[in-house]
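Down below is the structure, laid out as structure tokens.
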Amino acid sequence: MSAEILPYLIIIPLFGAFSMPMVNLAGRKAREAWAVLISGATLAVGSWVFYWVYEKGTVLYTLGAKSPFGQANFPIRIVWEVDLFGALMVLMVTFVAFMAVIYSLGYMRHDTGLDKYYTLIIILELGMLGIAITGDLFNFYVFLEIMSIASYALVAFRNDTWEAIEAGIKYMFVGSVASSLILLGIALLYGEYGTLTMGYLALKLSQNPTIVGKVALALFISGLLFKSGASPVHMWLADAHPAAPSSISAMLSGLVIKIGGIYALARIAFSIYGASVSVKTVGWLIILFACITLIVGNAMAVIQTDMKRLLAYSSVGQIGYILLGIGIGLAAYGSQTGEIALAGAIYHTFNHALMKGLLFLIAGAVIHQLGTRDLNELSGLAKTMPKTTFAFLIGAAAIIGMPPLNGFASKWLIYESSALFNPVLGAIAIIGTAFCTAAYVRVLYTFFGRPSERVMEAKDPEKSMLWPMLILTIAIIVMGLFPWGISDKVMIPAAKALENQLAYVATLMGGG
Amino acid sequence: MFGYWDALYFLFVFIIGLILAYLLDQWAKRSGMGTRKTGPGTKIFISSEDPDKVIPGFEHLEGHYTGRNVMWGLTYALKNFFTALRREHTGLLTDYASYLVITTAFVMGVLLIWG
Amino acid sequence: MNCVGDDMGVIVRTAARATIPLIGIFGSYIVAHGHLTPGGGFQGGATIAGAGILFLLAFGLDEMKKRYNKNLYSALEGIGGLAFLGAAMLGIGVAFFYNTLWHNGPFFSGKPGTLLSAGFLPIMNLAVGLKVFTGLVSAMAGLALYRRWRE
């Protein structure tokens, strides 16, 4: 066993998505079983890939041949390169996507056109996995588009409301502009350096840094900041994520903005451009956007009355923390502070996927039971939906950063490193958390308030919706019990693997 | 070492906090404005509106809005900030696209000058 | 005018009868020669789908409903994708997307530039052509069927 397992990460979801129309002919049960089976198998492969990379180090897989080198002496083939950071993202994607698929069984029961829904949700997972494992810039763009187009369609899936259609169209238009910026950047790099393989591109860039490379980096950064929902360009997120079905919102907020935005940004900034631009400038640029994002996202969450919209703005705020960690990791490249900040960012990426996935699944359960997501009508849910409210309490406490839940450790790493790097940044991060706390206290106060008549007939959702919520809650609590063990064993090595551009290039070039 | 923390410490702090909260609650019950054993004076009023209070003429709104005004102090103090934020979130597609273009121009300018 | 249905009249229908086979043949040519000439599965499939769309426009939705089977087209689209994936997996022993037919396969391993060459590429072009044709026709039929505005 070696890297042979890696392509199955793509083959299994692709097979599942393509065979869904035929499985659909066998009826509803077969379709649901097939979706669960496919995403479960992908989870198994993803866990195996994570274990493999954790034990044996970076994996290189060449498509179409044994080695990435052709007749020439430089890599010409498409390669997939998975370091520990990528493997962690693979684990995160497969896990949360599996939960979302199980949740969909109950949540989407009353909708029609579900064969398309399951096809699209598996394709969305496929696109994210592809971004996490790829080592080729154009391959990255293809998977980014697969992911983005699947998410445009899924945002507008419930097209019986104009809200969903409007959000989907807005998301599609602006998202396409951002994608084309990224494509333009790739085209510029290809024209200038004649290669698309990330590791070899890094080599060429460091030998001969040009203005074109910087323009391409600017296009990448702005396009990927858009995809991750950083602040001046976060407004599509607050439209799109509440309008989607809740299982999709959980995937969009928990995974898509991380993989398509944060992961890709970190990969491009560190692994491609690490040695050829001034990392201080890029770092401070990202820190600037991170600070705006932190304040604006969390502050807008305070004044929302729509529950899912509040959660979406909170996602924007949490993206701010992750960007802050990555920015400090770049600006303080090579020092221990930078490494800790980067580890905190990676840790928070993983944690936030679990927490925001959980919170959106809960919002979906509430909508499923009550048909409303207006916070003014939801008072007193704790009386009639105790399990759901308990899960929400855990999720909210984790996202605020209450010890002993998992959000605390990651946020603590970011606070500590930002305070060491520059105390002003630490203060801004704390202010953001204050806003975040205010927003969630409002929701909790509503849930524990006096029940209104509308809430009285609600009850805890059925098993297929409750189990994913419970599993995510347990994952949050368990991860909170071993914060520094996880940090030392997984997150810091992942940050080291991301920082170590030389190893990334050497894995590729030494493969021949 | 960076970020030393143990879940056990939190448990101690949490228990101490619970005891403190209980003592505070007892103290408030004893020495708050409510010296009576029954009636409205016994209630401890933390924040928000009183869910049991009935305003004449507004009985139909009674008790459904418990979360609405919890952060009233914060939102009122930062009213200008929030108004400015709300004004920027227009929901217009053209605004989204222009923000994206402005961001791109800004990033490109910074990178070309200092990058 | 005996324009009772939603078709476009006898002139357009007659012209469509003449051109639809030609469009189909030209599209099939582009698909089949995908590995030799410009174009390939996607372009050829889109061209063939042009024939289907012309049929829909010229003969109207009612006629289209008789000839169009949603489940069949969905299944065909899935089969196209699966055939592509299967062709990519033929050489999984070496690597994903390894062109084993070209290197040591029993067929499609002729001299470069002939029709039966290039290993799995003709199979993939056919698969993609099938997928694009059925997908685009289904999309157009869906647009025609499920429009929500009144005339």
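Naming works like this for the structure tokens: A, B, ... for the chains as they're shown, residue 1 at the start of each chain, ligands 1 onward in shown order.
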Do me a favour and pick out the residues of chain A within 9 Å of chain C, using only C-alpha atoms, as a ChimeraX atom specification. /A:4,7,11,14-15,17-23,25,61-66
Which parts of segment 106-240 of chain A does DSSP call helix (DSSP H, G or I) when run on the backbone here, written out as a ChimeraX atom specification? /A:106-107,114-133,137-155,162-193,198-207,211-228,231-233,235-240
Fewer than 5 positions away in the same chain doesn't count, so skip those; otherwise give me all residues within 10 Å of segment 334-346 of chain A, counting only C-alpha atoms, as number ranges by chain. A: 85, 88-89, 258, 262-263, 266, 319-329, 351-352, 409-421, 487-488, 490-496, 498-500; B: 2-3
Write out as a PyMOL selection string which residues come within 9 Å of Ala218 of chain A when counting only C-alpha atoms, dropping same-chain ones fewer than 2 positions away. (chain A and resi 185+213-216+220-223) or (chain B and resi 104-112)
Once you have the residues from the selection above, write them out as an mmCIF file, in the first residue's frame, restricted to N, CA, C and O atoms.
data_model
loop_
_atom_site.group_PDB
_atom_site.id
_atom_site.type_symbol
_atom_site.label_atom_id
_atom_site.label_comp_id
_atom_site.auth_asym_id
_atom_site.auth_seq_id
_atom_site.Cartn_x
_atom_site.Cartn_y
_atom_site.Cartn_z
ATOM 1 N N GLY A 185 -5.048 34.878 -13.416
ATOM 2 C CA GLY A 185 -3.767 34.737 -12.730
ATOM 3 C C GLY A 185 -3.026 33.500 -13.200
ATOM 4 O O GLY A 185 -1.818 33.548 -13.473
ATOM 5 N N GLY A 213 4.440 37.798 -12.119
ATOM 6 C CA GLY A 213 4.150 36.921 -10.995
ATOM 7 C C GLY A 213 3.420 37.656 -9.884
ATOM 8 O O GLY A 213 2.488 37.119 -9.277
ATOM 9 N N LYS A 214 3.819 38.910 -9.639
ATOM 10 C CA LYS A 214 3.149 39.677 -8.576
ATOM 11 C C LYS A 214 1.717 40.021 -8.948
ATOM 12 O O LYS A 214 0.814 39.955 -8.106
ATOM 13 N N VAL A 215 1.509 40.391 -10.226
ATOM 14 C CA VAL A 215 0.141 40.686 -10.667
ATOM 15 C C VAL A 215 -0.719 39.440 -10.514
ATOM 16 O O VAL A 215 -1.857 39.502 -10.029
ATOM 17 N N ALA A 216 -0.156 38.285 -10.903
ATOM 18 C CA ALA A 216 -0.910 37.034 -10.774
ATOM 19 C C ALA A 216 -1.229 36.763 -9.310
ATOM 20 O O ALA A 216 -2.349 36.360 -8.975
ATOM 21 N N PHE A 220 -4.850 36.203 -7.601
ATOM 22 C CA PHE A 220 -5.164 35.042 -6.756
ATOM 23 C C PHE A 220 -5.706 35.497 -5.410
ATOM 24 O O PHE A 220 -6.726 35.000 -4.939
ATOM 25 N N ILE A 221 -4.993 36.458 -4.781
ATOM 26 C CA ILE A 221 -5.385 36.842 -3.427
ATOM 27 C C ILE A 221 -6.783 37.425 -3.427
ATOM 28 O O ILE A 221 -7.626 37.051 -2.609
ATOM 29 N N SER A 222 -7.079 38.316 -4.386
ATOM 30 C CA SER A 222 -8.410 38.925 -4.329
ATOM 31 C C SER A 222 -9.485 37.906 -4.675
ATOM 32 O O SER A 222 -10.535 37.881 -4.030
ATOM 33 N N GLY A 223 -9.233 37.056 -5.660
ATOM 34 C CA GLY A 223 -10.233 36.050 -5.994
ATOM 35 C C GLY A 223 -10.479 35.093 -4.845
ATOM 36 O O GLY A 223 -11.613 34.744 -4.542
ATOM 37 N N THR B 104 -9.456 44.001 -5.654
ATOM 38 C CA THR B 104 -8.396 43.555 -6.565
ATOM 39 C C THR B 104 -7.415 44.688 -6.834
ATOM 40 O O THR B 104 -6.191 44.494 -6.770
ATOM 41 N N ALA B 105 -7.939 45.878 -7.112
ATOM 42 C CA ALA B 105 -7.065 47.004 -7.414
ATOM 43 C C ALA B 105 -6.181 47.339 -6.224
ATOM 44 O O ALA B 105 -4.974 47.578 -6.362
ATOM 45 N N PHE B 106 -6.778 47.297 -5.020
ATOM 46 C CA PHE B 106 -6.018 47.616 -3.815
ATOM 47 C C PHE B 106 -4.891 46.611 -3.600
ATOM 48 O O PHE B 106 -3.726 46.982 -3.384
ATOM 49 N N VAL B 107 -5.258 45.311 -3.689
ATOM 50 C CA VAL B 107 -4.246 44.271 -3.469
ATOM 51 C C VAL B 107 -3.130 44.397 -4.496
ATOM 52 O O VAL B 107 -1.937 44.313 -4.164
ATOM 53 N N MET B 108 -3.534 44.645 -5.745
ATOM 54 C CA MET B 108 -2.518 44.731 -6.791
ATOM 55 C C MET B 108 -1.606 45.928 -6.565
ATOM 56 O O MET B 108 -0.378 45.820 -6.716
ATOM 57 N N GLY B 109 -2.194 47.054 -6.165
ATOM 58 C CA GLY B 109 -1.372 48.230 -5.895
ATOM 59 C C GLY B 109 -0.368 47.971 -4.794
ATOM 60 O O GLY B 109 0.830 48.241 -4.938
ATOM 61 N N VAL B 110 -0.847 47.390 -3.673
ATOM 62 C CA VAL B 110 0.051 47.120 -2.553
ATOM 63 C C VAL B 110 1.172 46.187 -2.975
ATOM 64 O O VAL B 110 2.352 46.417 -2.679
ATOM 65 N N LEU B 111 0.806 45.125 -3.718
ATOM 66 C CA LEU B 111 1.833 44.148 -4.087
ATOM 67 C C LEU B 111 2.830 44.725 -5.081
ATOM 68 O O LEU B 111 4.011 44.406 -5.042
ATOM 69 N N LEU B 112 2.364 45.595 -5.979
ATOM 70 C CA LEU B 112 3.292 46.151 -6.955
ATOM 71 C C LEU B 112 4.236 47.150 -6.301
ATOM 72 O O LEU B 112 5.380 47.294 -6.716
#
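All residues of protein, DNA or RNA that reach within 8 Å of segment 23-40 of chain C, judged by only C-alpha atoms and not counting those fewer than 4 positions away in the chain, are Thr19, Gly44, Gly45, Ala46, Thr47, Ile48, Gly50, Ala51, Gly113, Thr114, Leu115, Ala118, Leu121, Pro122, Asn125, Leu126 and Gly129 of chain C.
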List the neighbours of Ile400 of chain A out to 7 Å using only C-alpha atoms; skip same-chain residues closer than 3 positions along the sequence, and give me the result as a VMD selection string. chain A and resid 396 to 397 433 436 to 437
Take the selection from the previous step and output its residues with all heavy atoms, as an mmCIF file, in the first residue's frame.
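New file result-v8.cif:
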data_model
loop_
_atom_site.group_PDB
_atom_site.id
_atom_site.type_symbol
_atom_site.label_atom_id
_atom_site.label_comp_id
_atom_site.auth_asym_id
_atom_site.auth_seq_id
_atom_site.Cartn_x
_atom_site.Cartn_y
_atom_site.Cartn_z
ATOM 1 N N ALA A 396 -22.427 26.898 20.351
ATOM 2 C CA ALA A 396 -22.233 28.329 20.554
ATOM 3 C C ALA A 396 -21.069 28.579 21.505
ATOM 4 O O ALA A 396 -20.236 29.461 21.266
ATOM 5 C CB ALA A 396 -23.515 28.948 21.106
ATOM 6 N N ALA A 397 -21.007 27.774 22.582
ATOM 7 C CA ALA A 397 -19.905 27.952 23.529
ATOM 8 C C ALA A 397 -18.573 27.679 22.854
ATOM 9 O O ALA A 397 -17.581 28.380 23.086
ATOM 10 C CB ALA A 397 -20.094 27.026 24.726
ATOM 11 N N THR A 433 -14.191 38.804 19.328
ATOM 12 C CA THR A 433 -14.822 37.781 20.163
ATOM 13 C C THR A 433 -15.923 38.364 21.024
ATOM 14 O O THR A 433 -16.944 37.714 21.262
ATOM 15 C CB THR A 433 -13.762 37.119 21.047
ATOM 16 O OG1 THR A 433 -12.792 36.550 20.196
ATOM 17 C CG2 THR A 433 -14.374 36.038 21.889
ATOM 18 N N CYS A 436 -18.892 38.529 18.909
ATOM 19 C CA CYS A 436 -19.355 37.159 18.656
ATOM 20 C C CYS A 436 -20.154 36.655 19.847
ATOM 21 O O CYS A 436 -21.231 36.087 19.704
ATOM 22 C CB CYS A 436 -18.136 36.290 18.381
ATOM 23 S SG CYS A 436 -18.493 34.580 18.072
ATOM 24 N N THR A 437 -19.602 36.892 21.053
ATOM 25 C CA THR A 437 -20.298 36.478 22.264
ATOM 26 C C THR A 437 -21.662 37.138 22.354
ATOM 27 O O THR A 437 -22.665 36.493 22.664
ATOM 28 C CB THR A 437 -19.466 36.858 23.493
ATOM 29 O OG1 THR A 437 -18.131 36.465 23.264
ATOM 30 C CG2 THR A 437 -19.998 36.193 24.722
#
Please provide as number ranges by chain all residues within 12 Å of Glu81 of chain A, with the sequence filter that same-chain residues fewer than 4 positions apart are discarded (counting only C-alpha atoms). A: 3, 6-7, 49, 53, 57-63, 68, 85-87, 130-137, 139-140, 197-199, 267, 271, 497-498, 503-509, 511
The distance between atom CA of Thr473 of chain A and atom CA of Ala97 of chain A is 15.5 Å
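Put simply, atom CA of Val36 of chain A is 19.7 Å away from atom CA of Phe157 of chain A.
Comparing A:His234, A:Lys356, A:Arg309, A:Arg373 by their smallest distance to Ala97 of chain B, the closest is A:His234 (using only C-alpha atoms).
Using only C-alpha atoms, the nearest neighbour of chain A within the list B:Phe12, B:Leu18, B:Asp25, B:Arg30 is B:Phe12.
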Residue hits in chain A, query chain B, radius 7 Å, only C-alpha atoms, as JSON, numbers by chain: {"A": [170, 174, 214, 215, 218, 219, 222, 232, 233, 235, 277, 278, 281, 376, 377, 379, 403, 404, 412, 413, 438, 442, 443, 445, 446, 449, 450, 452, 481]}
According to DSSP computed on the backbone, where in segment 9-226 of chain A is there strand (DSSP E or B)? Give the residues as a PyMOL selection string. chain A and resi 59-62+69+75+79-82+134+136+197
